[in-house]
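Visitor: Below you will find the structure I want to go over with you.
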Amino acid sequence: MSWTWFHRLGSPPHIYRLAEQLTPWFAWPAAALILAALYGGLVLAPPDYQQGDGFRIIYVHAPAAWMSLMVYTTMAVAAAVALIWRMKVAHAVAASCAPIGASFTVAALVTGSLWGEPMWGTWWEWDPRLTSELILLFLYLGYMGLRGAIEDPQRADRTSAVLAVVGIVNVPIIHYSVTWWNSLHQAPSVMRLGKPQLSMPMLWPLLMMLLGFTLFFVAVLLVRLRGEILVRERSASWIREVVET
Amino acid sequence: MREFLAMGGYAAFLWPSYAVTLGVAILNVVWARRSLARAVAAARLRLAAGGADS
């Protein structure tokens, strides 16, 4: 088998141009899916028999929580690839993930709080799910703080990558926290074995939201990645071509 | 319309949660574009200063 695809994957100019070309192909479908899902979730889906219209918070809370975990997983995998194969572009991917993931973790915590108050009667509880999600935010912030604190970019890449990889243990803890321990938080309604617990008119806007936000993440990641590549490729002649057009 | 906005009495919780999530999404677009623009500007400055080995 030829390994050229792998080398092309690690080639900064190739990735830079590919990222530029692919961005609209993720951004526009993401926008269309999220808009359609907003209509489906706020207008078409019927009220829940227990939570009434309050359940509609799921259409923003679940995507935000999904982003917080999926982005972290992407970051940790990229960091591991970068450490194992010494691939500079993978470090750039990991670095691009952190601010995206951190911001959606904040959104997950805030929307969770806004959902918790009317349903559980509390904004915050030191519950396994909530606490482990808060730890996820600290992992993101720690990762970004570490990068900012180390001046040498290569050392910053390597040290922060180790933190990202170690922190991955928190991801399954968050996901299974509601099954392993007694939690206020409800069990998964989509990401579970067997059939999802939501009825079709409630389910499809949620699935569209999850897909829409995933595509959105890729689009934002691709834009950030180009910046991170430029910062790392200080002296390459191809940079002249891409910045002077 | 008023009934829609009232969200069965959950308006005070529902609309802020939508605003926060969509606000975070929009901020991500703004931040990403800004960080790319900054990197491009820095690269141009380096090239103008003759720092690149091209």
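Here's how to read the names in the structure tokens: chain A, B, ... by the order shown, residue numbers from 1 in each chain, ligand numbers from 1 in the order shown.
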Any chance you could tabulate, as CSV, the residues of chain A at most 8 Å from chain B with each one's nearest atom pair and distance in Å to one decimal, using only C-alpha atoms, in chain and rising number order?

Guide:
residue,atom,partner,partner_atom,distance
A:Gly52,CA,B:Gly8,CA,6.7
A:Asp53,CA,B:Met7,CA,5.5
A:Gly54,CA,B:Tyr10,CA,5.4
A:Arg56,CA,B:Leu14,CA,7.3
A:Ile57,CA,B:Leu14,CA,5.7
A:Val60,CA,B:Tyr18,CA,6.1
A:His61,CA,B:Ser17,CA,7.6
A:Ala64,CA,B:Thr21,CA,6.9
A:Ile100,CA,B:Asn28,CA,6.5
A:Ser103,CA,B:Val24,CA,6.4
A:Phe104,CA,B:Val24,CA,6.8
A:Ala107,CA,B:Thr21,CA,5.5
A:Ala108,CA,B:Thr21,CA,8.0
A:Val110,CA,B:Ser17,CA,7.2
A:Thr111,CA,B:Ser17,CA,4.8
A:Leu114,CA,B:Phe13,CA,5.2
A:Trp115,CA,B:Phe13,CA,6.6
A:Pro118,CA,B:Phe13,CA,7.7
A:Val220,CA,B:Ala32,CA,6.3
A:Leu221,CA,B:Ala32,CA,7.9
A:Val223,CA,B:Ala32,CA,6.0
A:Arg224,CA,B:Ala32,CA,5.2
A:Arg226,CA,B:Leu36,CA,6.5
A:Gly227,CA,B:Leu36,CA,4.3
A:Glu228,CA,B:Ala39,CA,7.5
A:Leu230,CA,B:Ala39,CA,6.2
A:Val231,CA,B:Ala39,CA,6.2
A:Arg234,CA,B:Ala52,CA,6.9
A:Ser235,CA,B:Ala52,CA,4.5
A:Ala236,CA,B:Ala52,CA,6.7
A:Ser237,CA,B:Ser54,CA,4.5
A:Ile239,CA,B:Ala43,CA,7.5
A:Arg240,CA,B:Leu47,CA,7.2
A:Val243,CA,B:Val40,CA,6.1
A:Glu244,CA,B:Arg44,CA,7.5

Visitor: Can you write out the residues you just picked, keeping N, CA, C and O atoms, as a CSV table (one decimal), in the first residue's frame?

Guide:
chain,number,residue,atom,x,y,z
A,52,GLY,N,-43.7,19.8,29.3
A,52,GLY,CA,-44.4,20.8,28.5
A,52,GLY,C,-43.4,21.4,27.5
A,52,GLY,O,-42.6,20.6,26.9
A,53,ASP,N,-43.4,22.7,27.3
A,53,ASP,CA,-42.5,23.3,26.3
A,53,ASP,C,-41.1,23.4,26.8
A,53,ASP,O,-40.2,23.7,26.1
A,54,GLY,N,-40.9,23.2,28.1
A,54,GLY,CA,-39.6,23.3,28.7
A,54,GLY,C,-38.6,22.3,28.2
A,54,GLY,O,-37.4,22.6,28.1
A,56,ARG,N,-38.0,21.7,25.3
A,56,ARG,CA,-37.4,22.2,24.0
A,56,ARG,C,-35.9,22.7,24.3
A,56,ARG,O,-35.2,22.9,23.3
A,57,ILE,N,-35.6,22.9,25.5
A,57,ILE,CA,-34.2,23.3,25.8
A,57,ILE,C,-33.2,22.2,25.4
A,57,ILE,O,-32.1,22.5,25.1
A,60,VAL,N,-30.9,22.8,22.3
A,60,VAL,CA,-29.6,23.5,22.4
A,60,VAL,C,-28.7,22.9,23.4
A,60,VAL,O,-27.5,22.9,23.2
A,61,HIS,N,-29.3,22.3,24.5
A,61,HIS,CA,-28.4,21.8,25.5
A,61,HIS,C,-27.7,20.5,25.0
A,61,HIS,O,-26.5,20.4,25.2
A,64,ALA,N,-24.9,21.3,22.5
A,64,ALA,CA,-23.8,22.0,23.2
A,64,ALA,C,-23.0,20.9,24.0
A,64,ALA,O,-21.7,20.9,23.9
A,100,ILE,N,-12.9,26.2,20.8
A,100,ILE,CA,-14.3,25.8,20.3
A,100,ILE,C,-14.9,25.0,21.4
A,100,ILE,O,-16.0,25.2,21.8
A,103,SER,N,-15.8,26.9,24.7
A,103,SER,CA,-17.0,27.8,24.6
A,103,SER,C,-18.3,26.9,24.6
A,103,SER,O,-19.3,27.3,25.2
A,104,PHE,N,-18.3,25.8,23.9
A,104,PHE,CA,-19.5,25.0,24.0
A,104,PHE,C,-19.7,24.3,25.3
A,104,PHE,O,-20.8,23.9,25.7
A,107,ALA,N,-21.6,26.7,27.2
A,107,ALA,CA,-23.0,26.7,26.7
A,107,ALA,C,-23.7,25.5,27.3
A,107,ALA,O,-24.9,25.7,27.7
A,108,ALA,N,-23.1,24.4,27.4
A,108,ALA,CA,-23.7,23.2,27.9
A,108,ALA,C,-24.0,23.4,29.4
A,108,ALA,O,-25.1,23.0,29.9
A,110,VAL,N,-24.3,26.3,31.1
A,110,VAL,CA,-25.3,27.4,31.3
A,110,VAL,C,-26.7,26.9,30.9
A,110,VAL,O,-27.7,27.1,31.6
A,111,THR,N,-26.9,26.2,29.7
A,111,THR,CA,-28.2,25.8,29.3
A,111,THR,C,-28.7,24.7,30.3
A,111,THR,O,-29.9,24.5,30.5
A,114,LEU,N,-30.1,26.4,33.2
A,114,LEU,CA,-31.4,27.0,32.8
A,114,LEU,C,-32.5,25.9,32.7
A,114,LEU,O,-33.6,26.2,32.8
A,115,TRP,N,-32.1,24.7,32.5
A,115,TRP,CA,-33.0,23.6,32.4
A,115,TRP,C,-33.2,23.0,33.8
A,115,TRP,O,-34.3,22.6,34.1
A,118,PRO,N,-36.0,25.1,36.5
A,118,PRO,CA,-37.5,24.8,36.4
A,118,PRO,C,-37.8,23.3,36.7
A,118,PRO,O,-38.9,22.9,37.2
A,220,VAL,N,-15.6,25.6,11.5
A,220,VAL,CA,-14.8,26.5,12.4
A,220,VAL,C,-13.4,26.0,12.6
A,220,VAL,O,-12.4,26.8,12.5
A,221,LEU,N,-13.3,24.7,12.8
A,221,LEU,CA,-12.0,24.1,12.9
A,221,LEU,C,-11.1,24.4,11.7
A,221,LEU,O,-9.9,24.7,11.9
A,223,VAL,N,-11.2,26.8,9.6
A,223,VAL,CA,-10.7,28.2,9.6
A,223,VAL,C,-9.6,28.5,10.6
A,223,VAL,O,-8.5,29.0,10.3
A,224,ARG,N,-9.8,28.0,11.8
A,224,ARG,CA,-8.8,28.1,12.8
A,224,ARG,C,-7.5,27.4,12.5
A,224,ARG,O,-6.4,27.9,12.7
A,226,ARG,N,-6.1,26.9,9.6
A,226,ARG,CA,-5.3,27.7,8.7
A,226,ARG,C,-4.4,28.7,9.4
A,226,ARG,O,-3.2,28.8,9.1
A,227,GLY,N,-5.0,29.4,10.4
A,227,GLY,CA,-4.3,30.3,11.2
A,227,GLY,C,-3.1,29.6,12.0
A,227,GLY,O,-2.0,30.1,12.0
A,228,GLU,N,-3.5,28.5,12.6
A,228,GLU,CA,-2.5,27.7,13.4
A,228,GLU,C,-1.3,27.2,12.5
A,228,GLU,O,-0.2,27.2,12.9
A,230,LEU,N,-0.3,28.7,9.7
A,230,LEU,CA,0.6,29.9,9.3
A,230,LEU,C,1.5,30.2,10.5
A,230,LEU,O,2.7,30.6,10.2
A,231,VAL,N,1.0,30.1,11.7
A,231,VAL,CA,1.9,30.5,12.9
A,231,VAL,C,3.0,29.5,13.0
A,231,VAL,O,4.2,29.9,13.3
A,234,ARG,N,6.7,29.3,9.9
A,234,ARG,CA,7.2,30.7,9.8
A,234,ARG,C,7.9,30.9,8.5
A,234,ARG,O,7.8,32.0,7.9
A,235,SER,N,8.8,30.0,8.1
A,235,SER,CA,9.7,30.4,7.1
A,235,SER,C,9.5,29.6,5.8
A,235,SER,O,10.4,29.5,5.0
A,236,ALA,N,8.3,29.2,5.5
A,236,ALA,CA,8.1,28.4,4.3
A,236,ALA,C,7.7,29.3,3.2
A,236,ALA,O,6.9,30.2,3.3
A,237,SER,N,8.3,29.0,2.0
A,237,SER,CA,8.0,29.9,0.9
A,237,SER,C,6.6,29.8,0.4
A,237,SER,O,6.1,30.8,-0.2
A,239,ILE,N,4.0,30.1,2.0
A,239,ILE,CA,3.2,31.1,2.7
A,239,ILE,C,3.0,32.4,1.9
A,239,ILE,O,1.9,32.9,1.9
A,240,ARG,N,4.1,32.7,1.2
A,240,ARG,CA,4.0,33.9,0.3
A,240,ARG,C,2.8,33.8,-0.7
A,240,ARG,O,2.0,34.7,-0.9
A,243,VAL,N,-0.7,34.1,1.4
A,243,VAL,CA,-1.1,35.4,2.0
A,243,VAL,C,-1.0,36.6,1.1
A,243,VAL,O,-1.5,37.6,1.4
A,244,GLU,N,-0.4,36.4,-0.1
A,244,GLU,CA,-0.3,37.6,-1.0
A,244,GLU,C,-1.1,37.4,-2.2
A,244,GLU,O,-0.7,37.7,-3.3

Visitor: Can you tell me which residues surround Met67 (chain A) at a distance of at most 9 Å, considering only C-alpha atoms, apart from same-chain residues fewer than 5 positions away, and format the answer as a ChimeraX atom specification?

Guide: /A:62,72,100-101,104-105,108,210,213-214,217

Visitor: Write out the residues from the selection above, keeping all heavy atoms, as a PDB file, in the first residue's frame.

Guide:
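part22.pdb, written as the output of this step:
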ATOM      1  N   ALA A  62     -28.430  19.600  24.387  1.00  0.00           N
ATOM      2  CA  ALA A  62     -27.785  18.362  23.933  1.00  0.00           C
ATOM      3  C   ALA A  62     -26.703  18.625  22.865  1.00  0.00           C
ATOM      4  O   ALA A  62     -25.610  18.068  22.977  1.00  0.00           O
ATOM      5  CB  ALA A  62     -28.828  17.363  23.443  1.00  0.00           C
ATOM      6  N   TYR A  72     -13.543  17.586  22.424  1.00  0.00           N
ATOM      7  CA  TYR A  72     -12.438  17.132  23.279  1.00  0.00           C
ATOM      8  C   TYR A  72     -11.833  15.839  22.729  1.00  0.00           C
ATOM      9  O   TYR A  72     -10.607  15.683  22.683  1.00  0.00           O
ATOM     10  CB  TYR A  72     -12.861  16.914  24.743  1.00  0.00           C
ATOM     11  CG  TYR A  72     -11.630  16.811  25.610  1.00  0.00           C
ATOM     12  CD1 TYR A  72     -11.109  17.931  26.234  1.00  0.00           C
ATOM     13  CD2 TYR A  72     -10.920  15.612  25.714  1.00  0.00           C
ATOM     14  CE1 TYR A  72      -9.931  17.878  26.944  1.00  0.00           C
ATOM     15  CE2 TYR A  72      -9.735  15.539  26.420  1.00  0.00           C
ATOM     16  CZ  TYR A  72      -9.248  16.667  27.044  1.00  0.00           C
ATOM     17  OH  TYR A  72      -8.063  16.605  27.724  1.00  0.00           O
ATOM     18  N   ILE A 100     -12.916  26.222  20.765  1.00  0.00           N
ATOM     19  CA  ILE A 100     -14.257  25.825  20.313  1.00  0.00           C
ATOM     20  C   ILE A 100     -14.905  24.965  21.398  1.00  0.00           C
ATOM     21  O   ILE A 100     -16.031  25.213  21.830  1.00  0.00           O
ATOM     22  CB  ILE A 100     -14.185  25.031  18.982  1.00  0.00           C
ATOM     23  CG1 ILE A 100     -13.316  25.759  17.956  1.00  0.00           C
ATOM     24  CG2 ILE A 100     -15.581  24.758  18.433  1.00  0.00           C
ATOM     25  CD1 ILE A 100     -13.053  24.951  16.677  1.00  0.00           C
ATOM     26  N   GLY A 101     -14.172  23.953  21.845  1.00  0.00           N
ATOM     27  CA  GLY A 101     -14.702  23.049  22.864  1.00  0.00           C
ATOM     28  C   GLY A 101     -15.017  23.763  24.163  1.00  0.00           C
ATOM     29  O   GLY A 101     -16.069  23.534  24.769  1.00  0.00           O
ATOM     30  N   PHE A 104     -18.285  25.785  23.942  1.00  0.00           N
ATOM     31  CA  PHE A 104     -19.505  24.980  23.958  1.00  0.00           C
ATOM     32  C   PHE A 104     -19.699  24.259  25.291  1.00  0.00           C
ATOM     33  O   PHE A 104     -20.838  23.944  25.667  1.00  0.00           O
ATOM     34  CB  PHE A 104     -19.531  23.998  22.780  1.00  0.00           C
ATOM     35  CG  PHE A 104     -19.998  24.654  21.515  1.00  0.00           C
ATOM     36  CD1 PHE A 104     -19.100  25.089  20.563  1.00  0.00           C
ATOM     37  CD2 PHE A 104     -21.364  24.892  21.296  1.00  0.00           C
ATOM     38  CE1 PHE A 104     -19.524  25.737  19.412  1.00  0.00           C
ATOM     39  CE2 PHE A 104     -21.799  25.533  20.153  1.00  0.00           C
ATOM     40  CZ  PHE A 104     -20.877  25.959  19.202  1.00  0.00           C
ATOM     41  N   THR A 105     -18.618  24.020  26.031  1.00  0.00           N
ATOM     42  CA  THR A 105     -18.771  23.468  27.377  1.00  0.00           C
ATOM     43  C   THR A 105     -19.466  24.493  28.269  1.00  0.00           C
ATOM     44  O   THR A 105     -20.343  24.145  29.066  1.00  0.00           O
ATOM     45  CB  THR A 105     -17.400  23.073  27.958  1.00  0.00           C
ATOM     46  OG1 THR A 105     -16.726  22.233  27.013  1.00  0.00           O
ATOM     47  CG2 THR A 105     -17.550  22.321  29.266  1.00  0.00           C
ATOM     48  N   ALA A 108     -23.051  24.360  27.384  1.00  0.00           N
ATOM     49  CA  ALA A 108     -23.702  23.169  27.944  1.00  0.00           C
ATOM     50  C   ALA A 108     -24.008  23.382  29.421  1.00  0.00           C
ATOM     51  O   ALA A 108     -25.088  23.024  29.901  1.00  0.00           O
ATOM     52  CB  ALA A 108     -22.818  21.945  27.748  1.00  0.00           C
ATOM     53  N   LEU A 210     -27.717  17.913  16.050  1.00  0.00           N
ATOM     54  CA  LEU A 210     -26.434  17.263  16.354  1.00  0.00           C
ATOM     55  C   LEU A 210     -25.557  17.213  15.112  1.00  0.00           C
ATOM     56  O   LEU A 210     -24.371  17.540  15.158  1.00  0.00           O
ATOM     57  CB  LEU A 210     -26.665  15.856  16.921  1.00  0.00           C
ATOM     58  CG  LEU A 210     -27.353  15.797  18.286  1.00  0.00           C
ATOM     59  CD1 LEU A 210     -27.665  14.359  18.665  1.00  0.00           C
ATOM     60  CD2 LEU A 210     -26.502  16.445  19.375  1.00  0.00           C
ATOM     61  N   PHE A 213     -24.460  20.904  14.181  1.00  0.00           N
ATOM     62  CA  PHE A 213     -23.378  21.425  15.017  1.00  0.00           C
ATOM     63  C   PHE A 213     -22.063  20.707  14.735  1.00  0.00           C
ATOM     64  O   PHE A 213     -20.993  21.310  14.820  1.00  0.00           O
ATOM     65  CB  PHE A 213     -23.748  21.351  16.505  1.00  0.00           C
ATOM     66  CG  PHE A 213     -24.482  22.579  16.980  1.00  0.00           C
ATOM     67  CD1 PHE A 213     -25.863  22.655  16.946  1.00  0.00           C
ATOM     68  CD2 PHE A 213     -23.776  23.693  17.419  1.00  0.00           C
ATOM     69  CE1 PHE A 213     -26.539  23.797  17.350  1.00  0.00           C
ATOM     70  CE2 PHE A 213     -24.439  24.839  17.834  1.00  0.00           C
ATOM     71  CZ  PHE A 213     -25.826  24.894  17.800  1.00  0.00           C
ATOM     72  N   THR A 214     -22.137  19.417  14.384  1.00  0.00           N
ATOM     73  CA  THR A 214     -20.909  18.695  14.045  1.00  0.00           C
ATOM     74  C   THR A 214     -20.264  19.292  12.791  1.00  0.00           C
ATOM     75  O   THR A 214     -19.053  19.539  12.751  1.00  0.00           O
ATOM     76  CB  THR A 214     -21.217  17.199  13.829  1.00  0.00           C
ATOM     77  OG1 THR A 214     -21.886  16.704  14.998  1.00  0.00           O
ATOM     78  CG2 THR A 214     -19.955  16.401  13.609  1.00  0.00           C
ATOM     79  N   PHE A 217     -18.755  22.570  13.645  1.00  0.00           N
ATOM     80  CA  PHE A 217     -17.448  22.402  14.291  1.00  0.00           C
ATOM     81  C   PHE A 217     -16.353  22.227  13.240  1.00  0.00           C
ATOM     82  O   PHE A 217     -15.305  22.866  13.314  1.00  0.00           O
ATOM     83  CB  PHE A 217     -17.480  21.198  15.233  1.00  0.00           C
ATOM     84  CG  PHE A 217     -16.116  20.664  15.598  1.00  0.00           C
ATOM     85  CD1 PHE A 217     -15.185  21.479  16.220  1.00  0.00           C
ATOM     86  CD2 PHE A 217     -15.766  19.350  15.311  1.00  0.00           C
ATOM     87  CE1 PHE A 217     -13.919  20.996  16.550  1.00  0.00           C
ATOM     88  CE2 PHE A 217     -14.511  18.868  15.627  1.00  0.00           C
ATOM     89  CZ  PHE A 217     -13.583  19.683  16.248  1.00  0.00           C
TER      90      PHE A 217
END

Visitor: Which neighbours of His175 (chain A) fall inside 9 Å, counting only C-alpha atoms, when residues of the same chain fewer than 6 positions from it are skipped, and could you give them as a PyMOL selection string?

Guide: chain A and resi 69+129+188

Visitor: Could you list, as a ChimeraX atom specification, every residue within 10 Å of Asp127 (chain A), counting only C-alpha atoms and ignoring same-chain residues fewer than 4 positions away?

Guide: /A:131-133,177-178,181-185

Visitor: Which distance in Å separates CA of Leu134 (chain A) and CA of Gly212 (chain A), to one decimal?

Guide: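 Between these atoms lies a distance of 24.4 Å.
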
Visitor: Can you pull out every residue from chain B that DSSP, working from the backbone, puts in alpha helix (DSSP H), and format the result as a PyMOL selection string?

Guide: chain B and resi 2-6+11-48

Visitor: Find the spatial neighbours of region 140-148 of chain A, counting only C-alpha atoms, within a cut-off of 9 Å - ignore same-chain residues fewer than 4 positions away - and output them as a ChimeraX atom specification.

Guide: /A:72,95,98-99,101-102,105,135-136,153,155-157,159-161,163-164

Visitor: Write out, as a PDB file, in the first residue's frame, the residues just selected, with C-alpha atoms.

Guide:
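The new file part.pdb reads:
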ATOM      1  CA  TYR A  72     -12.438  17.132  23.279  1.00  0.00           C
ATOM      2  CA  ALA A  95      -4.691  23.710  19.317  1.00  0.00           C
ATOM      3  CA  ALA A  98      -9.582  23.969  22.452  1.00  0.00           C
ATOM      4  CA  PRO A  99     -11.350  27.363  22.242  1.00  0.00           C
ATOM      5  CA  GLY A 101     -14.702  23.049  22.864  1.00  0.00           C
ATOM      6  CA  ALA A 102     -14.324  25.352  25.854  1.00  0.00           C
ATOM      7  CA  THR A 105     -18.771  23.468  27.377  1.00  0.00           C
ATOM      8  CA  ILE A 135     -13.957  19.360  35.111  1.00  0.00           C
ATOM      9  CA  LEU A 136     -14.063  19.184  31.300  1.00  0.00           C
ATOM     10  CA  PRO A 153       5.846  26.862  20.384  1.00  0.00           C
ATOM     11  CA  ARG A 155       7.398  22.719  23.665  1.00  0.00           C
ATOM     12  CA  ALA A 156       3.940  24.287  24.112  1.00  0.00           C
ATOM     13  CA  ASP A 157       2.589  21.861  21.487  1.00  0.00           C
ATOM     14  CA  THR A 159       3.346  19.629  26.741  1.00  0.00           C
ATOM     15  CA  SER A 160      -0.252  20.626  26.068  1.00  0.00           C
ATOM     16  CA  ALA A 161      -0.722  17.502  23.914  1.00  0.00           C
ATOM     17  CA  LEU A 163      -2.448  17.100  29.006  1.00  0.00           C
ATOM     18  CA  ALA A 164      -5.060  16.655  26.245  1.00  0.00           C
TER      19      ALA A 164
END

Visitor: Report as a Markdown table: every residue of region 118-215 of chain A with an atom at most 10 Å from region 31-34 of chain A, its closest pair of atoms, and their distance in Å to one decimal, counting only C-alpha atoms, with rows sorted by chain and ascending residue number.

Guide:
| residue | atom | partner | partner_atom | distance |
| --- | --- | --- | --- | --- |
| A:Pro205 | CA | A:Ile34 | CA | 8.7 |
| A:Leu206 | CA | A:Ile34 | CA | 9.6 |
| A:Leu207 | CA | A:Leu33 | CA | 9.6 |
| A:Met208 | CA | A:Leu33 | CA | 5.8 |
| A:Met209 | CA | A:Ile34 | CA | 5.4 |
| A:Leu210 | CA | A:Ile34 | CA | 8.6 |
| A:Leu211 | CA | A:Leu33 | CA | 7.5 |
| A:Gly212 | CA | A:Leu33 | CA | 5.0 |
| A:Phe213 | CA | A:Ile34 | CA | 7.2 |
| A:Leu215 | CA | A:Ala31 | CA | 8.8 |
